[in-house]
Every structure is written in C-alpha cells, then in structure tokens.
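Heads up, the thing below is written out as structure tokens.
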Amino acid sequence: MNICKNLKPTMRQLDGFTKYCRASYFAFIHSSPNFSVEVHTPDQEVVIALGSNVGDRLHNFNEALQLMRKSGIHITRHGCLYETAPAYVTDQPNFLNSAVRAVTQLGPHELLGALKKIEKEMGRTDGIRYGPRPIDLDILFYGKLRVSSEILTVPHERIWERPFVIAPLMDLLGSTIDSDTVACWHSFSMHSGGLFDAWEKLGGETLTGKEGLKRVLPIGKGLWDWSTKTSVMGILNLTPDSFSDGGKFQSVEAAISQVRSMISEGADMIDIGAQSTRPMASRISVQQELDRLIPVLEAVVGMPEAEGKIISVDTFYSEVAAEAVSKGAHIVNDVSAGLLDSNMLRVVAGLKVPYIAMHMRGDPSTMQNSENLKYDNVCKQVASELYSRVREAELIGIPAWRMIIDPGIGFSKNCNHNLDILMGLPNIQAEIGSESLAMSHAPILIGPSRKKFLGEICSRTAGTERDPATVASVTAAVLGGANIVRVHNVRDNVDAVKVCDAMLRHRKSVSPS
C-alpha cells in the first residue's frame with residue numbers, strides 16, 4: 001500500500017506551516033571554521049542519516065546508535081532499514097541505510113563534531129569520496145535552521161537526488177504534520193507538496209523492493225525482504241489446554257515430528273508457544289513455561305531441516321524471551337506488546353531481535369469481557385492502541401526496523417471486529433501512517449487460524465474443522481496486505497498464499513502505480 005497517496009488532504013496544513021516558516025526565514029546560520037555561531041536552545045530536533053557497507057553492517061548501526069546516545073543525542077524515531085546499491089562509486093559492496101530523528105542540545109557544529117568522532121572511533125578513515133566505510137553519519141536537518149559553512153551544510157546538499165536518503169527520511173514522518181519544525185523540513189524541499197512530492201518525483205514507493213533499494217528486517221544472520229513473498233508461520237503449541245491442539249505435542253518427540261511435518265509442507269517460520277493464551281486461560285509461571293519450552297526449542301534448533309527457517313517464541317514473559325533467544329530463537333512474539341511484563345520491551349531492546357507486537361486489551365482471562373469489546377471504529381482504535389505500544393517500544397530502544405505488528409484477531413474482538421480487521425488492513429496501515437510512516441511499512445502478521453469466529457460463521461464446533469474457513473480468511477488477509485500468516489494447517493495455507501502472491505504480482509505487473 002502506498003501511504004503517500006493518502007497525503008494530499010494534509011497539504012493545506014503544510015501550506016499554513018510553510019507560511020509560518022517563511023516568515024521566520026528558518027533562522028539562517030553562515031559561519032566558517034574560525035568563526036561559528038552556535039544557536040543553543042534547550043532542545044533541537046535533528047535528522048541523522050546512517051550508512052554502512054564494511055564489516056558487520058548491522059553491528060555498525062547498533063554501535064553507532066549506542067555511541068550517539070552517549071554523546072547527548074536522544075533518539076526518538078527510527079526509519080526502516082534499507083539494503084541499497086552503492087551510488088557514485090559502484091564497485092563496492094551494498095550499503096545498509098537508515099535515518100533517525102533525535103533531540104539534542106548540541107549546536108550544529110558540535111553535533112557534527114560528535115558524529116565525526118563516532119565515525120573515527122568506529123574505524124572510518126579518509127579515503128575515496130563515496131567509497132566503502134564502516135559507518136557514515138550525516139546531518140540532514142537541524143531544527144528549523146539552515147546552516148552554511150565550509151564544513152557543514154544543512155539541509156544536506158545531496159538529499160534531493162538520493163533515494164537511499166529520502167526513503168528512510170520519509171519513514172521518520174507521519175502523513176499528518178505534527179509540528180512547525182517538521183513543516184519547515186517539508187519547506188526545505190522547495191516542492192509545493194513538501195518532502196512527499198520530493199519522494200514521489202524520485203519514484204516513491206515504486207523504487208522499494210527492487211535490487212537497488214530493498215526494505216529489509218534483520219533476522220538471525222540475514223536480512224528479510226518481506227515484499228517478495230508472504231511467509232507462512234506454522235504453530236507449535238506445547239500446552240495441554242490450547243483451543244485447537246492442546247496436549248498433542250507435549251513430548252519432545254511429538255513436537256519434533258510436527259515441526260518436521262510443517263517444514264516439509266512449506267513453513268517458513270515456526271512459532272513455539274508453551275503458555276496458552278486462549279480466552280479464560282490461566283497463567284503459568286515463568287519456570288513452568290521454560291520447563292515446557294526449552295527442551296523442545298533446543299531440539300528444533302538442532303534439526304537439520306530447520307536450517308534456514310525462522311524460529312519464533314510465543315511468550316509475554318521477558319525472562320522466557322531472553323532464555324529462548326539465548327537457545328537459538330530468532331523472534332519474540334508477544335501477544336501483549338509488553339503490557340503483561342514491564343521488563344519485556346527493555347529486554348527485547350537488549351536482545352536486538354525482531355519483536356512481534358500484538359494488539360490485545362486486558363489479558364487472556366479478561367480480554368473477551370464486555371468492556372474490552374467496546375469499539376466505535378475497531379480498525380482505527382486497534383491501530384491507535386497498537387501504535388502507542390510500538391511507540392513506547394521504539395523510545396525504549398527497539399528500532400522500527402525490528403518490529404512486526406499483529407492486530408490481534410480473536411484477542412479482545414468479537415466476530416464482526418475480526419471481519420472488520422481482515423477487510424481493513426489498509427485502513428490500519430493508513431491510521432498508523434498518520435503518526436509514523438516507518439511503522440505503517442512494518443510487516444503485518446495475521447493469525448486467524450481455526451479461531452472461534454470462523455466456527456460461529458461456518459457452524460463448526462471443532463477447531464480442526466475450521467481449516468477451509470482459515471484458508472478463506474488468510475486469503476483475504478494476504479490480498480489486504482498481510483506479510484505473515486500464522487496457521488495450524490501449513491500445507492493448505494501455503495497453497496493459498498502462493499495463489500494470493502501470484503495475484504498480487506500480476507496486479508502489480510499490469511498496474512505498476
């Protein structure tokens with residue numbers, strides 16, 4: 001979905017802010033290395049671009065962000081992560097690129113000095129201009145200021161010709177303009193539609209997903225481009241009381257057999273859960289969950305068939321998440337988005353693994369009560385509540401490029417709510433995009449498999465009888481924008497997803513816009 005196509009109604013707002021910014025002339029600074037004027041205010045909002053193509057690129061990003069925080073640069077937003085072809089000097093490895101919004105009390109030249117110091121500490125040396133580098137940190141915007149000196153130009157002079165710069169810069173915005181500072185950034189582009197027009201003139205979203213500009217999410221040792229195909233996540237419940245297959249896979253042998261079967265049927269991911277989150281489920285302790293989970297997880301990780309597959313742990317306990325990742329899990333899948341364990345977000349930030357944040361009100365024992373089922377507009381409210389959780393996660397230190405969102409089919413929703421969500425994924429993306437375009441681009445996971453609402457519609461009381469209805473709901477979700485489907489019956493849903501992906505590719509080929 002191209003969120004930017006929904007931005008035109010906000011241009012009136014941009015025009016009003018633009019007049020304000022022009023009236024204040026953006027506070028122009030001109031200086032030389034020997035005489036500089038630093039304008040200090042309590043805080044200045046800045047945008048900093050990151051690039052790396054030498055060594056462990058992702059590690060370089062993580063280290064640079066940590067050093068920036070230590071240097072008085074408080075990071076508030078992250079763009080998506082992009083793997084990009086080199087520009088200008090093309091005989092070199094591909095880059096990782098992103099950008100962050102931050103708040104600092106450093107003046108513009110002080111900020112430049114801090115970034116140059118970080119680059120030097122991380123091993124960057126003078127070399128070929130535009131050549132390979134372990135880290136590249138550029139100031140794109142500094143508050144509402146224009147800066148021009150022999151060593152610093154803000155806005156960065158080459159922003160407007162570089163898709164690998166504008167793409168993550170756009171991610172840092174929302175489709176609504178939330179401050180006069182952001183309005184000034186739009187005005188710097190000199191386009192009537194601001195940065196949105198500048199991005200569209202370069203090609204906009206049509207550029208992403210191609211070899212030169214791939215939006216990626218780091219998982220394990222690789223980079224996942226979720227635009228190429230929909231991923232199927234097979235469910236492995238180790239619980240005695242799950243609604244569909246409780247008690248079937250409690251032994252290590254039975255669990256391994258099921259994983260082997262799901263992989264042979266085409267599963268891309270395996271989601272292992274040792275705590276039931278069905279409605280009215282009672283909560284078990286951290287130790288009980290670990291006792292169920294770890295023996296199976298260790299066995300799954302050691303399976304030759306699991307090589308190259310993504311292993312996810314379904315837990316809302318931070319201690320379980322940390323132990324599972326130490327044993328080889330790649331993703332933390334949290335049905336509470338951090339609400340059931342106050343340490344979860346901080347722990348996941350430290351683990352540096354992808355985080356699936358799901359929407360739920362209350363907990364499994366209360367989520368279906370009348371109060372938690374009250375919505376005026378379910379898609380809008382789910383988007384707003386889910387965004388508040390991922391926003392908190394981002395401020396704690398989980399970058400947008402590590403997050404996956406799940407609107408929570410069957411969690412704090414009735415049958416009609418679930419149908420609204422299945423048909424309304426673009427609306428959820430657009431609502432999130434009004435606050436953060438980065439999060440509107442995050443992969444979406446949908447998990448309708450065998451759930452009660454399908455039984456209500458089709459008069460199927462047993463969970464295993466709801467597989468055809470699951471296929472129908474998965475089809476609707478994929479055609480509406482889902483990137484991961486979480487299912488019990490892998491074989492049938494792999495086929496459904498293949499057909500959906502073929503239809504989406506065909507639609508794109510005949511209508512590129």
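Please note that chains go A, B, ... in the order of the structure tokens, that every chain numbers its residues from 1, and that ligands are numbered from 1 in the order shown.
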Kindly assemble as a Markdown table a list of the stretch 136-169 of chain A residues that lie within 6 Å of stretch 39-63 of chain A, each paired with its nearest atom pair and their distance in Å to one decimal, using only C-alpha atoms, sorted first by chain and then by ascending residue number.
| residue | atom | partner | partner_atom | distance |
| --- | --- | --- | --- | --- |
| A:Asp136 | CA | A:Gly51 | CA | 4.9 |
| A:Leu137 | CA | A:Leu50 | CA | 5.0 |
| A:Asp138 | CA | A:Ala49 | CA | 5.1 |
| A:Ile139 | CA | A:Ile48 | CA | 4.6 |
| A:Leu140 | CA | A:Val47 | CA | 5.4 |
| A:Phe141 | CA | A:Val47 | CA | 5.1 |
| A:Tyr142 | CA | A:Val46 | CA | 4.5 |
| A:Gly143 | CA | A:Glu45 | CA | 4.9 |
Task: Secondary structure check, alpha helix (DSSP H) residues of stretch 163-395 of chain A, as a ChimeraX atom specification - done: /A:163-171,180-188,194-202,252-264,286-301,318-326,344-351,378-395
- [ ] Find the residue from A:Ser231, A:Ile405, A:Leu445, A:His156 that sits nearest to A:Ala496; use only C-alpha atoms when measuring.
- [x] A:Ser231
Task: Contacts of A:Gln275 at 12 Å (only C-alpha atoms; same-chain gap of 3+ positions) as a ChimeraX atom specification - done: /A:236-243,246-247,250,272,278,281-293,313-317,320,334-335,364
TODO: With a distance cut-off of 6 Å and only C-alpha atoms, select the neighbouring residues of stretch 386-401 of chain A, excluding the residue or stretch itself and same-chain residues fewer than 2 positions from it, and output the selection as a VMD selection string.
DONE: chain A and resid 76 78 80 to 81 217 345 349 359 382 to 384 403
Task: Members of stretch 158-284 of chain A assigned strand (DSSP E or B) by DSSP, as a PyMOL selection string - done: chain A and resi 210+213-219+222-224+231-237+269-273
Per-residue nearest contacts of stretch 350-383 of chain A to stretch 415-430 of chain A (12 Å; only C-alpha atoms) as a Markdown table:
| residue | atom | partner | partner_atom | distance |
| --- | --- | --- | --- | --- |
| A:His359 | CA | A:Ile421 | CA | 11.6 |
| A:Gln368 | CA | A:Cys415 | CA | 11.4 |
| A:Asn372 | CA | A:His417 | CA | 11.8 |
| A:Leu373 | CA | A:His417 | CA | 8.7 |
| A:Lys374 | CA | A:His417 | CA | 9.9 |
| A:Tyr375 | CA | A:His417 | CA | 8.6 |
| A:Asp376 | CA | A:His417 | CA | 10.4 |
| A:Asn377 | CA | A:His417 | CA | 9.0 |
| A:Val378 | CA | A:His417 | CA | 6.3 |
| A:Cys379 | CA | A:Ile428 | CA | 5.5 |
| A:Lys380 | CA | A:Ile428 | CA | 6.3 |
| A:Gln381 | CA | A:Ile428 | CA | 8.8 |
| A:Val382 | CA | A:Ile428 | CA | 7.5 |
| A:Ala383 | CA | A:Ile428 | CA | 5.3 |
Write a file of the selected residues as a compact mmCIF listing (two decimals), in the first residue's frame, keeping C-alpha atoms.
# COMPACT_ATOMS: atom_id res chain seq x y z
CA HIS A 359 -2.94 -5.81 20.00
CA GLN A 368 -13.30 -11.00 25.97
CA ASN A 372 -12.71 -4.85 26.31
CA LEU A 373 -15.05 -5.48 23.36
CA LYS A 374 -16.23 -1.87 23.12
CA TYR A 375 -15.12 -0.14 19.90
CA ASP A 376 -16.52 2.76 17.93
CA ASN A 377 -14.23 2.06 14.98
CA VAL A 378 -12.27 -1.14 15.52
CA CYS A 379 -9.62 -0.61 12.82
CA LYS A 380 -8.92 2.96 13.90
CA GLN A 381 -8.78 2.11 17.60
CA VAL A 382 -6.71 -1.03 17.14
CA ALA A 383 -4.25 1.00 15.05
Can you build me a table of stretch 196-248 of chain A residues sitting at most 9 Å from stretch 501-507 of chain A, with the closest atom pair per residue and its distance in Å to one decimal, using only C-alpha atoms, sorted by chain and residue number, as JSON lines?
{"residue": "A:Thr228", "atom": "CA", "partner": "A:Asp501", "partner_atom": "CA", "distance": 8.6}
{"residue": "A:Lys229", "atom": "CA", "partner": "A:Asp501", "partner_atom": "CA", "distance": 6.4}
{"residue": "A:Thr230", "atom": "CA", "partner": "A:Asp501", "partner_atom": "CA", "distance": 6.9}
TODO: Please provide as a PyMOL selection string all residues within 9 Å of A:Val165, with the sequence filter that same-chain residues fewer than 5 positions apart are discarded (counting only C-alpha atoms).
DONE: chain A and resi 49-50+97-99+140+158-160+170
TODO: List the neighbours of A:Met68 out to 9 Å using only C-alpha atoms; skip same-chain residues closer than 6 positions along the sequence, and give me the result as a VMD selection string.
DONE: chain A and resid 74 to 75 114 to 115 118
Task: Straight-line distance linking atom CA of A:Arg346 with atom CA of A:Val325, stated in Å to one decimal - done: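 Pair atom CA of A:Arg346 / atom CA of A:Val325 returns 14.4 Å.
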Task: Two-atom distance - atom CA of A:Ser434, atom CA of A:Met367 (Å) - done: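 These atoms are spaced 27.1 Å apart.
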Task: Distance of atom CA of A:Arg162 from atom CA of A:Leu207, expressed in Å to one decimal place - done: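 For atom CA of A:Leu207 relative to atom CA of A:Arg162, the distance reads 11.6 Å.
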Task: Shell around A:Ser370 at 12 Å using only C-alpha atoms, local window under 6 positions removed, as a list in words - done: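 The residues satisfying every condition are Arg361, Gly362, Ser412, Lys413 and Asn414 of chain A.
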